[in-house]
>>> print(open('work-v1.cif').read())   # mmCIF, C-alpha atoms
data_protein
loop_
_atom_site.group_PDB
_atom_site.id
_atom_site.type_symbol
_atom_site.label_atom_id
_atom_site.label_comp_id
_atom_site.auth_asym_id
_atom_site.auth_seq_id
_atom_site.Cartn_x
_atom_site.Cartn_y
_atom_site.Cartn_z
ATOM 1 C CA MET A 26 16.123 28.466 -20.014
ATOM 2 C CA SER A 27 14.056 31.660 -19.720
ATOM 3 C CA ARG A 28 12.061 30.786 -22.875
ATOM 4 C CA PHE A 29 11.488 27.280 -21.531
ATOM 5 C CA LEU A 30 10.151 28.586 -18.233
ATOM 6 C CA SER A 31 7.890 31.013 -20.056
ATOM 7 C CA ARG A 32 6.257 28.110 -21.887
ATOM 8 C CA VAL A 33 5.795 26.287 -18.588
ATOM 9 C CA ALA A 34 4.103 29.335 -17.098
ATOM 10 C CA MET A 35 1.387 29.095 -19.736
ATOM 11 C CA VAL A 36 0.010 25.936 -18.072
ATOM 12 C CA ALA A 37 1.205 26.313 -14.485
ATOM 13 C CA ALA A 38 3.011 28.885 -12.419
ATOM 14 C CA VAL A 39 6.720 28.295 -12.001
ATOM 15 C CA LEU A 40 7.833 29.497 -8.602
ATOM 16 C CA ALA A 41 11.418 30.394 -7.770
ATOM 17 C CA ILE A 42 12.763 29.608 -4.321
ATOM 18 C CA THR A 43 16.216 29.737 -2.778
ATOM 19 C CA LEU A 44 17.394 26.964 -0.474
ATOM 20 C CA ASN A 45 20.318 26.901 1.918
ATOM 21 C CA PRO A 46 21.633 23.525 3.075
ATOM 22 C CA ALA A 47 20.699 22.547 6.621
ATOM 23 C CA PRO A 48 23.540 21.822 9.036
ATOM 24 C CA ALA A 49 24.264 18.184 9.749
ATOM 25 C CA ARG A 50 23.172 16.798 13.094
ATOM 26 C CA ALA A 51 24.980 14.197 15.127
ATOM 27 C CA ALA A 52 23.328 10.768 15.115
ATOM 28 C CA THR A 53 21.651 9.809 18.371
ATOM 29 C CA LEU A 54 20.018 6.613 17.148
ATOM 30 C CA PRO A 55 21.424 3.132 17.840
ATOM 31 C CA THR A 56 24.062 1.848 15.432
ATOM 32 C CA ALA A 57 25.239 -1.544 14.210
ATOM 33 C CA VAL A 58 28.796 -1.650 12.828
ATOM 34 C CA PHE A 59 30.273 -4.629 10.954
ATOM 35 C CA HIS A 60 33.931 -5.652 11.314
ATOM 36 C CA GLN A 61 35.689 -8.446 9.464
ATOM 37 C CA ASP A 62 38.028 -10.169 11.944
ATOM 38 C CA SER A 63 39.770 -12.630 9.643
ATOM 39 C CA VAL A 64 39.531 -13.715 6.000
ATOM 40 C CA TRP A 65 40.570 -16.832 4.100
ATOM 41 C CA PRO A 66 40.049 -17.858 0.453
ATOM 42 C CA THR A 67 36.622 -19.467 1.015
ATOM 43 C CA GLY A 68 35.187 -17.426 3.875
ATOM 44 C CA TYR A 69 35.710 -15.137 6.849
ATOM 45 C CA SER A 70 34.762 -14.507 10.447
ATOM 46 C CA GLY A 71 33.013 -11.245 11.283
ATOM 47 C CA ARG A 72 31.105 -9.489 14.028
ATOM 48 C CA MET A 73 28.453 -6.831 14.315
ATOM 49 C CA THR A 74 28.561 -4.411 17.255
ATOM 50 C CA VAL A 75 25.245 -2.882 18.302
ATOM 51 C CA THR A 76 25.585 0.352 20.291
ATOM 52 C CA ASN A 77 22.781 2.295 21.949
ATOM 53 C CA GLY A 78 23.731 5.918 21.233
ATOM 54 C CA GLY A 79 20.366 7.210 22.434
ATOM 55 C CA ALA A 80 19.384 8.724 25.758
ATOM 56 C CA THR A 81 16.922 5.974 26.769
ATOM 57 C CA THR A 82 17.177 2.209 27.188
ATOM 58 C CA LEU A 83 16.872 0.157 23.998
ATOM 59 C CA PRO A 84 14.562 -2.682 25.102
ATOM 60 C CA SER A 85 15.404 -4.937 22.146
ATOM 61 C CA TRP A 86 17.269 -4.875 18.858
ATOM 62 C CA ARG A 87 16.840 -6.494 15.456
ATOM 63 C CA VAL A 88 19.551 -6.376 12.792
ATOM 64 C CA GLU A 89 18.768 -7.452 9.218
ATOM 65 C CA PHE A 90 20.953 -7.534 6.142
ATOM 66 C CA ASP A 91 21.580 -9.337 2.866
ATOM 67 C CA LEU A 92 24.553 -11.454 1.850
ATOM 68 C CA ALA A 93 25.474 -11.870 -1.807
ATOM 69 C CA ALA A 94 24.473 -15.088 -3.561
ATOM 70 C CA GLY A 95 27.118 -17.718 -2.838
ATOM 71 C CA THR A 96 27.743 -16.527 0.726
ATOM 72 C CA SER A 97 25.993 -17.997 3.753
ATOM 73 C CA ILE A 98 26.384 -17.992 7.529
ATOM 74 C CA SER A 99 27.539 -21.365 8.774
ATOM 75 C CA ASN A 100 27.731 -20.507 12.488
ATOM 76 C CA LEU A 101 26.501 -17.511 14.527
ATOM 77 C CA TRP A 102 26.835 -16.762 18.245
ATOM 78 C CA ASN A 103 25.519 -14.330 20.891
ATOM 79 C CA ALA A 104 22.201 -13.892 19.036
ATOM 80 C CA THR A 105 19.425 -15.744 17.215
ATOM 81 C CA VAL A 106 19.303 -15.762 13.417
ATOM 82 C CA THR A 107 16.640 -16.622 10.845
ATOM 83 C CA ARG A 108 17.195 -16.746 7.088
ATOM 84 C CA SER A 109 14.987 -16.244 4.021
ATOM 85 C CA GLY A 110 17.016 -16.703 0.853
ATOM 86 C CA ASN A 111 19.916 -14.239 1.061
ATOM 87 C CA HIS A 112 18.196 -12.144 3.751
ATOM 88 C CA TYR A 113 19.218 -12.603 7.413
ATOM 89 C CA VAL A 114 17.420 -11.344 10.517
ATOM 90 C CA VAL A 115 19.319 -11.373 13.819
ATOM 91 C CA VAL A 116 17.739 -10.601 17.215
ATOM 92 C CA GLY A 117 19.358 -10.319 20.613
ATOM 93 C CA ALA A 118 19.645 -13.198 23.041
ATOM 94 C CA PRO A 119 17.947 -12.920 26.452
ATOM 95 C CA TRP A 120 21.179 -11.660 28.052
ATOM 96 C CA ASN A 121 22.021 -8.922 25.492
ATOM 97 C CA ALA A 122 18.716 -7.856 23.909
ATOM 98 C CA SER A 123 18.301 -4.817 26.184
ATOM 99 C CA LEU A 124 20.911 -2.054 26.061
ATOM 100 C CA ALA A 125 21.186 0.887 28.451
ATOM 101 C CA PRO A 126 22.187 4.304 27.027
ATOM 102 C CA GLY A 127 25.790 4.082 25.826
ATOM 103 C CA ALA A 128 25.945 0.277 26.179
ATOM 104 C CA ALA A 129 27.061 -2.038 23.383
ATOM 105 C CA THR A 130 27.006 -5.737 22.532
ATOM 106 C CA SER A 131 28.349 -7.851 19.691
ATOM 107 C CA PHE A 132 27.365 -10.988 17.841
ATOM 108 C CA GLY A 133 29.602 -12.835 15.422
ATOM 109 C CA TRP A 134 29.518 -15.427 12.707
ATOM 110 C CA VAL A 135 31.561 -17.573 10.359
ATOM 111 C CA ALA A 136 30.679 -17.144 6.696
ATOM 112 C CA ALA A 137 31.088 -19.581 3.828
ATOM 113 C CA GLY A 138 31.873 -17.200 0.983
ATOM 114 C CA LEU A 139 33.234 -13.664 0.965
ATOM 115 C CA GLY A 140 30.060 -11.540 0.744
ATOM 116 C CA THR A 141 29.699 -8.935 3.515
ATOM 117 C CA PRO A 142 26.436 -7.441 4.886
ATOM 118 C CA GLN A 143 24.516 -5.149 2.522
ATOM 119 C CA GLY A 144 21.402 -3.042 3.160
ATOM 120 C CA CYS A 145 21.846 -3.254 6.921
ATOM 121 C CA LEU A 146 18.900 -2.123 9.082
ATOM 122 C CA LEU A 147 18.719 -1.842 12.867
ATOM 123 C CA ASN A 148 15.139 -1.847 14.169
ATOM 124 C CA GLY A 149 14.043 -0.725 10.705
ATOM 125 C CA ALA A 150 16.440 2.257 10.481
ATOM 126 C CA PRO A 151 19.829 2.442 8.749
ATOM 127 C CA CYS A 152 22.579 0.737 10.742
ATOM 128 C CA ASP A 153 24.777 3.844 10.580
ATOM 129 C CA GLY A 154 22.406 5.692 12.935
ATOM 130 C CA SER A 155 21.014 8.097 10.364
ATOM 131 C CA PRO A 156 17.262 8.768 10.525
ATOM 132 C CA PRO A 157 15.150 6.329 8.512
ATOM 133 C CA ALA A 158 14.192 7.564 5.085
ATOM 134 C CA ARG A 159 10.605 8.718 4.740
ATOM 135 C CA ASP A 160 8.421 6.059 3.110
ATOM 136 C CA VAL A 161 7.208 7.658 -0.131
ATOM 137 C CA ARG A 162 6.735 4.563 -2.288
ATOM 138 C CA PRO A 163 3.181 3.175 -2.654
ATOM 139 C CA PRO A 164 2.514 -0.575 -2.838
ATOM 140 C CA SER A 165 1.957 -2.297 -6.157
ATOM 141 C CA THR A 166 -1.550 -2.690 -7.543
ATOM 142 C CA PRO A 167 -3.422 -5.774 -6.299
ATOM 143 C CA GLY A 168 -3.520 -8.430 -9.015
ATOM 144 C CA ASP A 169 -6.193 -10.584 -10.658
ATOM 145 C CA LEU A 170 -9.250 -9.030 -8.983
ATOM 146 C CA ARG A 171 -12.231 -11.323 -9.473
ATOM 147 C CA GLY A 172 -15.697 -11.836 -8.005
ATOM 148 C CA THR A 173 -17.613 -15.027 -7.270
ATOM 149 C CA THR A 174 -21.184 -15.562 -6.099
ATOM 150 C CA GLN A 175 -22.259 -18.426 -3.880
ATOM 151 C CA ALA A 176 -25.811 -18.528 -2.528
ATOM 152 C CA SER A 177 -26.371 -15.044 -1.027
ATOM 153 C CA THR A 178 -22.661 -14.124 -0.766
ATOM 154 C CA PHE A 179 -20.499 -12.196 -3.232
ATOM 155 C CA THR A 180 -16.740 -12.509 -2.659
ATOM 156 C CA LEU A 181 -13.959 -10.350 -4.072
ATOM 157 C CA THR A 182 -10.549 -12.039 -4.262
ATOM 158 C CA TRP A 183 -7.213 -10.678 -5.435
ATOM 159 C CA THR A 184 -3.480 -11.383 -5.454
ATOM 160 C CA ALA A 185 -1.415 -9.681 -2.751
ATOM 161 C CA SER A 186 0.405 -6.430 -3.444
ATOM 162 C CA THR A 187 4.081 -5.933 -2.674
ATOM 163 C CA ASP A 188 5.717 -3.006 -0.878
ATOM 164 C CA ASP A 189 9.263 -2.077 0.086
ATOM 165 C CA ARG A 190 8.252 -1.875 3.781
ATOM 166 C CA GLY A 191 5.156 -4.023 3.893
ATOM 167 C CA VAL A 192 1.449 -3.800 3.033
ATOM 168 C CA THR A 193 -0.770 -3.153 6.074
ATOM 169 C CA GLY A 194 -4.189 -3.598 4.464
ATOM 170 C CA TYR A 195 -6.542 -3.229 1.513
ATOM 171 C CA GLU A 196 -9.383 -0.766 0.952
ATOM 172 C CA ILE A 197 -12.496 -1.932 -0.919
ATOM 173 C CA TRP A 198 -14.454 0.756 -2.763
ATOM 174 C CA SER A 199 -17.613 0.824 -4.877
ATOM 175 C CA SER A 200 -18.302 3.204 -7.754
ATOM 176 C CA THR A 201 -21.579 4.068 -6.028
ATOM 177 C CA GLY A 202 -19.959 5.204 -2.763
ATOM 178 C CA THR A 203 -17.797 8.051 -1.483
ATOM 179 C CA ALA A 204 -15.926 6.074 1.222
ATOM 180 C CA PRO A 205 -14.426 2.582 1.501
ATOM 181 C CA ILE A 206 -16.869 -0.264 1.983
ATOM 182 C CA ALA A 207 -14.299 -1.977 4.179
ATOM 183 C CA THR A 208 -10.601 -2.247 5.012
ATOM 184 C CA VAL A 209 -9.156 -5.747 5.390
ATOM 185 C CA THR A 210 -5.753 -7.353 5.950
ATOM 186 C CA THR A 211 -6.567 -10.467 3.900
ATOM 187 C CA THR A 212 -6.783 -10.856 0.108
ATOM 188 C CA SER A 213 -10.527 -11.417 -0.036
ATOM 189 C CA TYR A 214 -13.735 -9.746 1.106
ATOM 190 C CA SER A 215 -17.286 -11.120 1.250
ATOM 191 C CA MET A 216 -20.549 -9.167 1.184
ATOM 192 C CA GLY A 217 -24.148 -9.579 0.158
ATOM 193 C CA VAL A 218 -24.838 -10.073 -3.535
ATOM 194 C CA PRO A 219 -24.954 -6.610 -5.192
ATOM 195 C CA PRO A 220 -28.261 -5.497 -6.723
ATOM 196 C CA PRO A 221 -28.665 -5.951 -10.502
ATOM 197 C CA MET A 222 -27.142 -2.665 -11.636
ATOM 198 C CA VAL A 223 -24.110 -1.371 -13.500
ATOM 199 C CA MET A 224 -21.328 -0.751 -10.991
ATOM 200 C CA SER A 225 -17.618 -1.260 -10.368
ATOM 201 C CA PHE A 226 -15.524 -2.340 -7.400
ATOM 202 C CA GLY A 227 -11.969 -1.214 -6.703
ATOM 203 C CA VAL A 228 -9.351 -2.621 -4.342
ATOM 204 C CA ARG A 229 -6.162 -0.740 -3.423
ATOM 205 C CA ALA A 230 -3.302 -1.591 -1.060
ATOM 206 C CA VAL A 231 -2.152 0.655 1.804
ATOM 207 C CA ASP A 232 1.174 0.701 3.665
ATOM 208 C CA ALA A 233 2.026 1.927 7.174
ATOM 209 C CA ALA A 234 2.883 5.432 5.907
ATOM 210 C CA GLY A 235 -0.532 5.794 4.265
ATOM 211 C CA ASN A 236 0.731 5.427 0.690
ATOM 212 C CA ARG A 237 -1.987 3.908 -1.518
ATOM 213 C CA SER A 238 -1.548 1.816 -4.634
ATOM 214 C CA PRO A 239 -3.622 2.243 -7.786
ATOM 215 C CA PHE A 240 -6.923 0.378 -7.731
ATOM 216 C CA ALA A 241 -7.526 -3.000 -9.239
ATOM 217 C CA VAL A 242 -10.967 -2.554 -10.830
ATOM 218 C CA LEU A 243 -13.765 -5.058 -11.456
ATOM 219 C CA GLY A 244 -16.857 -3.972 -13.410
ATOM 220 C CA LEU A 245 -20.241 -5.646 -13.035
ATOM 221 C CA GLY A 246 -22.403 -5.159 -16.115
ATOM 222 C CA THR A 247 -20.176 -2.317 -17.326
ATOM 223 C CA PRO A 248 -19.808 -1.754 -21.089
ATOM 224 C CA PRO A 249 -16.377 -1.702 -22.737
ATOM 225 C CA ASP A 250 -14.571 1.359 -21.378
ATOM 226 C CA THR A 251 -13.193 3.536 -24.146
ATOM 227 C CA ILE A 252 -13.687 6.952 -22.534
ATOM 228 C CA PRO A 253 -10.674 8.348 -20.620
ATOM 229 C CA PRO A 254 -11.078 10.100 -17.273
ATOM 230 C CA GLY A 255 -11.039 13.851 -17.012
ATOM 231 C CA PRO A 256 -7.722 15.398 -15.906
ATOM 232 C CA PRO A 257 -6.793 16.050 -12.279
ATOM 233 C CA THR A 258 -7.019 19.731 -11.360
ATOM 234 C CA ALA A 259 -5.634 22.277 -8.888
ATOM 235 C CA LEU A 260 -2.108 20.847 -8.673
ATOM 236 C CA THR A 261 0.048 21.973 -5.745
ATOM 237 C CA LEU A 262 3.734 21.401 -5.009
ATOM 238 C CA ARG A 263 5.124 21.631 -1.462
ATOM 239 C CA GLY A 264 8.534 21.087 0.085
ATOM 240 C CA PRO A 265 11.086 19.825 -0.373
ATOM 241 C CA THR A 266 11.094 17.751 2.823
ATOM 242 C CA GLY A 267 13.127 14.615 3.484
ATOM 243 C CA GLY A 268 14.434 14.505 -0.066
ATOM 244 C CA SER A 269 11.049 14.753 -1.790
ATOM 245 C CA TRP A 270 8.515 17.245 -3.089
ATOM 246 C CA THR A 271 4.879 16.587 -2.170
ATOM 247 C CA VAL A 272 2.480 17.026 -5.077
ATOM 248 C CA GLY A 273 -1.290 17.108 -4.572
ATOM 249 C CA TRP A 274 -4.339 17.570 -6.793
ATOM 250 C CA THR A 275 -8.124 17.411 -6.928
ATOM 251 C CA ALA A 276 -9.498 14.008 -7.936
ATOM 252 C CA ALA A 277 -10.321 13.294 -11.555
ATOM 253 C CA ARG A 278 -13.715 12.000 -12.691
ATOM 254 C CA ASP A 279 -14.571 8.979 -14.831
ATOM 255 C CA GLU A 280 -17.862 7.496 -16.024
ATOM 256 C CA GLN A 281 -16.856 4.116 -14.516
ATOM 257 C CA PHE A 282 -13.923 4.173 -12.065
ATOM 258 C CA VAL A 283 -10.671 6.161 -11.722
ATOM 259 C CA ALA A 284 -8.033 3.534 -11.031
ATOM 260 C CA GLY A 285 -5.109 5.840 -10.244
ATOM 261 C CA TYR A 286 -2.674 8.510 -11.335
ATOM 262 C CA GLU A 287 0.623 8.497 -13.198
ATOM 263 C CA VAL A 288 3.093 11.067 -11.830
ATOM 264 C CA ALA A 289 6.106 12.179 -13.877
ATOM 265 C CA LEU A 290 9.030 14.461 -13.086
ATOM 266 C CA ASN A 291 10.673 16.251 -16.027
ATOM 267 C CA GLY A 292 9.121 13.706 -18.387
ATOM 268 C CA ALA A 293 10.078 10.520 -16.484
ATOM 269 C CA VAL A 294 7.401 8.537 -14.628
ATOM 270 C CA VAL A 295 8.256 8.373 -10.911
ATOM 271 C CA ALA A 296 5.070 7.032 -9.281
ATOM 272 C CA LEU A 297 1.739 5.280 -9.823
ATOM 273 C CA VAL A 298 -0.644 6.064 -6.967
ATOM 274 C CA GLY A 299 -4.274 5.532 -6.047
ATOM 275 C CA ASP A 300 -4.723 8.710 -4.004
ATOM 276 C CA THR A 301 -4.499 12.445 -4.701
ATOM 277 C CA THR A 302 -1.014 12.854 -3.195
ATOM 278 C CA ALA A 303 2.371 11.659 -4.419
ATOM 279 C CA TYR A 304 6.072 12.323 -3.860
ATOM 280 C CA VAL A 305 8.714 13.227 -6.421
ATOM 281 C CA PRO A 306 12.451 13.254 -5.672
ATOM 282 C CA TYR A 307 14.353 16.428 -4.881
ATOM 283 C CA SER A 308 17.909 16.483 -6.233
ATOM 284 C CA GLY A 309 19.105 20.028 -5.602
ATOM 285 C CA TYR A 310 19.042 23.259 -7.576
ATOM 286 C CA GLY A 311 17.250 23.264 -10.918
ATOM 287 C CA THR A 312 13.817 23.204 -12.521
ATOM 288 C CA TYR A 313 11.179 20.625 -11.575
ATOM 289 C CA ILE A 314 8.239 20.082 -13.948
ATOM 290 C CA VAL A 315 5.662 17.670 -12.516
ATOM 291 C CA THR A 316 2.839 16.216 -14.610
ATOM 292 C CA VAL A 317 -0.077 14.089 -13.409
ATOM 293 C CA ARG A 318 -2.624 12.196 -15.474
ATOM 294 C CA ALA A 319 -5.473 9.926 -14.375
ATOM 295 C CA PHE A 320 -6.158 6.445 -15.734
ATOM 296 C CA ASP A 321 -9.114 4.070 -15.490
ATOM 297 C CA GLY A 322 -9.400 0.311 -15.135
ATOM 298 C CA ALA A 323 -9.192 -0.168 -18.902
ATOM 299 C CA GLY A 324 -5.929 1.773 -19.140
ATOM 300 C CA ASN A 325 -7.370 4.934 -20.710
ATOM 301 C CA PHE A 326 -5.355 8.029 -19.721
ATOM 302 C CA SER A 327 -6.537 11.583 -19.224
ATOM 303 C CA THR A 328 -4.711 14.616 -20.517
ATOM 304 C CA ARG A 329 -1.839 15.783 -18.328
ATOM 305 C CA ALA A 330 -2.053 18.436 -15.649
ATOM 306 C CA GLN A 331 1.227 20.234 -14.967
ATOM 307 C CA ILE A 332 2.993 22.375 -12.394
ATOM 308 C CA GLY A 333 6.585 23.586 -12.197
ATOM 309 C CA ILE A 334 9.038 25.106 -9.784
ATOM 310 C CA ALA A 335 12.554 26.497 -10.160
ATOM 311 C CA VAL A 336 15.010 26.194 -7.253
ATOM 312 C CA ASP A 337 17.742 28.852 -7.376
ATOM 313 C CA PRO A 338 21.098 28.541 -5.589
ATOM 314 C CA PRO A 339 21.786 30.963 -2.753
ATOM 315 C CA PRO A 340 23.162 34.345 -3.877
ATOM 316 C CA PRO A 341 26.962 34.796 -3.763
ATOM 317 C CA PRO A 342 28.379 36.641 -0.765
ATOM 318 C CA PRO A 343 28.874 40.407 -1.162
ATOM 319 C CA PRO A 344 32.301 41.445 -2.476
ATOM 320 C CA GLY A 345 34.879 41.724 0.253
ATOM 321 C CA SER A 346 32.928 39.637 2.778
#
>>> encode(input="work-v1.cif", output="structure tokens")
Amino acid sequence: MSRFLSRVAMVAAVLAITLNPAPARAATLPTAVFHQDSVWPTGYSGRMTVTNGGATTLPSWRVEFDLAAGTSISNLWNATVTRSGNHYVVVGAPWNASLAPGAATSFGWVAAGLGTPQGCLLNGAPCDGSPPARDVRPPSTPGDLRGTTQASTFTLTWTASTDDRGVTGYEIWSSTGTAPIATVTTTSYSMGVPPPMVMSFGVRAVDAAGNRSPFAVLGLGTPPDTIPPGPPTALTLRGPTGGSWTVGWTAARDEQFVAGYEVALNGAVVALVGDTTAYVPYSGYGTYIVTVRAFDGAGNFSTRAQIGIAVDPPPPPPPGS
């Protein structure tokens, strides 16, 4: 291990830190608890109890969960339900949507099939009352970016990105600018026809936490791109916080357009991002080697930049303590 860390130190400093586990805190968020009342060979009846464990009134509640394929809700009471495939969203009725501190309400259903709720969320947080996990996953890259010209208007159009918590908008950039041209919530953007020059446009998706996808890139008059970007520089590693390290760097340069960055932890790719910040998972004591390399719209990759950190366990107690 010591020889391995010495090699790492040749390209990036490996810091050693000692972490002590933080004490657990009692949940004060609302909870939703499922209970199966009765079961038969082809189905069951169940109920979900929503409890406001907080110190202020809960003005409304929304419970969502998945049921396994082959199971469906045939009848539900004391709430309103909508369904999309195997995903169910349940909201309170007018008489039980608001809950005072310490108050509880239940809704129930009859299921055809034996699948029970999975991935339960209450107002976007885990149903067990634990704090919601920090959103560290960027959206996917917008697809099929294309440009069309009609009269004096040039329109960029693309296919929507996906995200685990929802895309909030798209940033449109030009290779000739240092800030977004615009931010839109649709999958198209119209502008005046660009002047006759070599340039590129990039579109990236953004979620509510500010995570940014890699760019979809469209070149106008650009030659075939065979030159990779330069590497990112000045890597930093902070944390861990909320189960993740935060890694940052200075932007790479490319003769056409830097589309994004590939981030790897101990050799395994963990993120593709379109900004100069990413998150890598923290899993306890050990050594974390993070590498980042830039890529352009043609898929050319830069050399890797690297940083490492070693997390040591707390020292043993003194003898006789």
>>> resolve_selection(input="work-v1.cif", expression="the PyMOL selection byres ((chain A and resi 312-321) around 9)", output="PyMOL selection string")
chain A and resi 30+33+39+41+240+242+250+252-257+260+262+272+274+276-279+281-292+294+305+307+310-311+322-337
>>> write_last_selection(input="work-v1.cif", atoms="C-alpha atoms", output="PDB file, in the frame of the given file")
ATOM      1  CA  LEU A  30      10.151  28.586 -18.233  1.00  0.00           C
ATOM      2  CA  VAL A  33       5.795  26.287 -18.588  1.00  0.00           C
ATOM      3  CA  VAL A  39       6.720  28.295 -12.001  1.00  0.00           C
ATOM      4  CA  ALA A  41      11.418  30.394  -7.770  1.00  0.00           C
ATOM      5  CA  PHE A 240      -6.923   0.378  -7.731  1.00  0.00           C
ATOM      6  CA  VAL A 242     -10.967  -2.554 -10.830  1.00  0.00           C
ATOM      7  CA  ASP A 250     -14.571   1.359 -21.378  1.00  0.00           C
ATOM      8  CA  ILE A 252     -13.687   6.952 -22.534  1.00  0.00           C
ATOM      9  CA  PRO A 253     -10.674   8.348 -20.620  1.00  0.00           C
ATOM     10  CA  PRO A 254     -11.078  10.100 -17.273  1.00  0.00           C
ATOM     11  CA  GLY A 255     -11.039  13.851 -17.012  1.00  0.00           C
ATOM     12  CA  PRO A 256      -7.722  15.398 -15.906  1.00  0.00           C
ATOM     13  CA  PRO A 257      -6.793  16.050 -12.279  1.00  0.00           C
ATOM     14  CA  LEU A 260      -2.108  20.847  -8.673  1.00  0.00           C
ATOM     15  CA  LEU A 262       3.734  21.401  -5.009  1.00  0.00           C
ATOM     16  CA  VAL A 272       2.480  17.026  -5.077  1.00  0.00           C
ATOM     17  CA  TRP A 274      -4.339  17.570  -6.793  1.00  0.00           C
ATOM     18  CA  ALA A 276      -9.498  14.008  -7.936  1.00  0.00           C
ATOM     19  CA  ALA A 277     -10.321  13.294 -11.555  1.00  0.00           C
ATOM     20  CA  ARG A 278     -13.715  12.000 -12.691  1.00  0.00           C
ATOM     21  CA  ASP A 279     -14.571   8.979 -14.831  1.00  0.00           C
ATOM     22  CA  GLN A 281     -16.856   4.116 -14.516  1.00  0.00           C
ATOM     23  CA  PHE A 282     -13.923   4.173 -12.065  1.00  0.00           C
ATOM     24  CA  VAL A 283     -10.671   6.161 -11.722  1.00  0.00           C
ATOM     25  CA  ALA A 284      -8.033   3.534 -11.031  1.00  0.00           C
ATOM     26  CA  GLY A 285      -5.109   5.840 -10.244  1.00  0.00           C
ATOM     27  CA  TYR A 286      -2.674   8.510 -11.335  1.00  0.00           C
ATOM     28  CA  GLU A 287       0.623   8.497 -13.198  1.00  0.00           C
ATOM     29  CA  VAL A 288       3.093  11.067 -11.830  1.00  0.00           C
ATOM     30  CA  ALA A 289       6.106  12.179 -13.877  1.00  0.00           C
ATOM     31  CA  LEU A 290       9.030  14.461 -13.086  1.00  0.00           C
ATOM     32  CA  ASN A 291      10.673  16.251 -16.027  1.00  0.00           C
ATOM     33  CA  GLY A 292       9.121  13.706 -18.387  1.00  0.00           C
ATOM     34  CA  VAL A 294       7.401   8.537 -14.628  1.00  0.00           C
ATOM     35  CA  VAL A 305       8.714  13.227  -6.421  1.00  0.00           C
ATOM     36  CA  TYR A 307      14.353  16.428  -4.881  1.00  0.00           C
ATOM     37  CA  TYR A 310      19.042  23.259  -7.576  1.00  0.00           C
ATOM     38  CA  GLY A 311      17.250  23.264 -10.918  1.00  0.00           C
ATOM     39  CA  GLY A 322      -9.400   0.311 -15.135  1.00  0.00           C
ATOM     40  CA  ALA A 323      -9.192  -0.168 -18.902  1.00  0.00           C
ATOM     41  CA  GLY A 324      -5.929   1.773 -19.140  1.00  0.00           C
ATOM     42  CA  ASN A 325      -7.370   4.934 -20.710  1.00  0.00           C
ATOM     43  CA  PHE A 326      -5.355   8.029 -19.721  1.00  0.00           C
ATOM     44  CA  SER A 327      -6.537  11.583 -19.224  1.00  0.00           C
ATOM     45  CA  THR A 328      -4.711  14.616 -20.517  1.00  0.00           C
ATOM     46  CA  ARG A 329      -1.839  15.783 -18.328  1.00  0.00           C
ATOM     47  CA  ALA A 330      -2.053  18.436 -15.649  1.00  0.00           C
ATOM     48  CA  GLN A 331       1.227  20.234 -14.967  1.00  0.00           C
ATOM     49  CA  ILE A 332       2.993  22.375 -12.394  1.00  0.00           C
ATOM     50  CA  GLY A 333       6.585  23.586 -12.197  1.00  0.00           C
ATOM     51  CA  ILE A 334       9.038  25.106  -9.784  1.00  0.00           C
ATOM     52  CA  ALA A 335      12.554  26.497 -10.160  1.00  0.00           C
ATOM     53  CA  VAL A 336      15.010  26.194  -7.253  1.00  0.00           C
ATOM     54  CA  ASP A 337      17.742  28.852  -7.376  1.00  0.00           C
TER      55      ASP A 337
END
>>> closest_residue(input="work-v1.cif", among="A:Ile197, A:Leu170, A:Ala303, A:Val88", to="Gly244 of chain A", atoms="all atoms listed in the file")
A:Leu170
>>> atom_distance(input="work-v1.cif", atom1="atom CA of Thr193 of chain A", atom2="atom CA of Val295 of chain A")
22.4 Å
>>> atom_distance(input="work-v1.cif", atom1="atom CA of Ala241 of chain A", atom2="atom CA of Ala158 of chain A")
28.1 Å
>>> residues_near_point(input="work-v1.cif", point="(30.0, -10.8, 9.6)", cutoff="6 Å", atoms="only C-alpha atoms", output="ChimeraX atom specification")
/A:71-72,134
>>> residues_around(input="work-v1.cif", residues="segment 113-125 of chain A", least_positions_apart="2", cutoff="9 Å", atoms="all atoms listed in the file", output="MDAnalysis selection string")
chainID A and resid 75:77 79:92 98 103:111 127:132
>>> decode(input="work-v1.cif", residues="segment 147-166 of chain A", atoms="C-alpha atoms", output="PDB file, in the first residue's frame")
ATOM      1  CA  LEU A 147     -43.374  11.138   1.072  1.00  0.00           C
ATOM      2  CA  ASN A 148     -43.274  14.681  -0.323  1.00  0.00           C
ATOM      3  CA  GLY A 149     -40.096  13.700  -2.165  1.00  0.00           C
ATOM      4  CA  ALA A 150     -38.256  12.352   0.914  1.00  0.00           C
ATOM      5  CA  PRO A 151     -37.915   8.739   2.073  1.00  0.00           C
ATOM      6  CA  CYS A 152     -41.075   7.438   3.736  1.00  0.00           C
ATOM      7  CA  ASP A 153     -39.127   6.308   6.809  1.00  0.00           C
ATOM      8  CA  GLY A 154     -38.522   9.943   7.810  1.00  0.00           C
ATOM      9  CA  SER A 155     -34.813   9.999   7.050  1.00  0.00           C
ATOM     10  CA  PRO A 156     -33.478  13.138   5.344  1.00  0.00           C
ATOM     11  CA  PRO A 157     -33.647  13.046   1.546  1.00  0.00           C
ATOM     12  CA  ALA A 158     -30.437  12.004  -0.128  1.00  0.00           C
ATOM     13  CA  ARG A 159     -28.472  14.818  -1.721  1.00  0.00           C
ATOM     14  CA  ASP A 160     -29.019  14.962  -5.486  1.00  0.00           C
ATOM     15  CA  VAL A 161     -25.578  14.306  -6.989  1.00  0.00           C
ATOM     16  CA  ARG A 162     -26.566  12.721 -10.300  1.00  0.00           C
ATOM     17  CA  PRO A 163     -26.550  14.951 -13.417  1.00  0.00           C
ATOM     18  CA  PRO A 164     -29.162  14.554 -16.167  1.00  0.00           C
ATOM     19  CA  SER A 165     -28.387  12.632 -19.330  1.00  0.00           C
ATOM     20  CA  THR A 166     -27.013  14.431 -22.373  1.00  0.00           C
TER      21      THR A 166
END
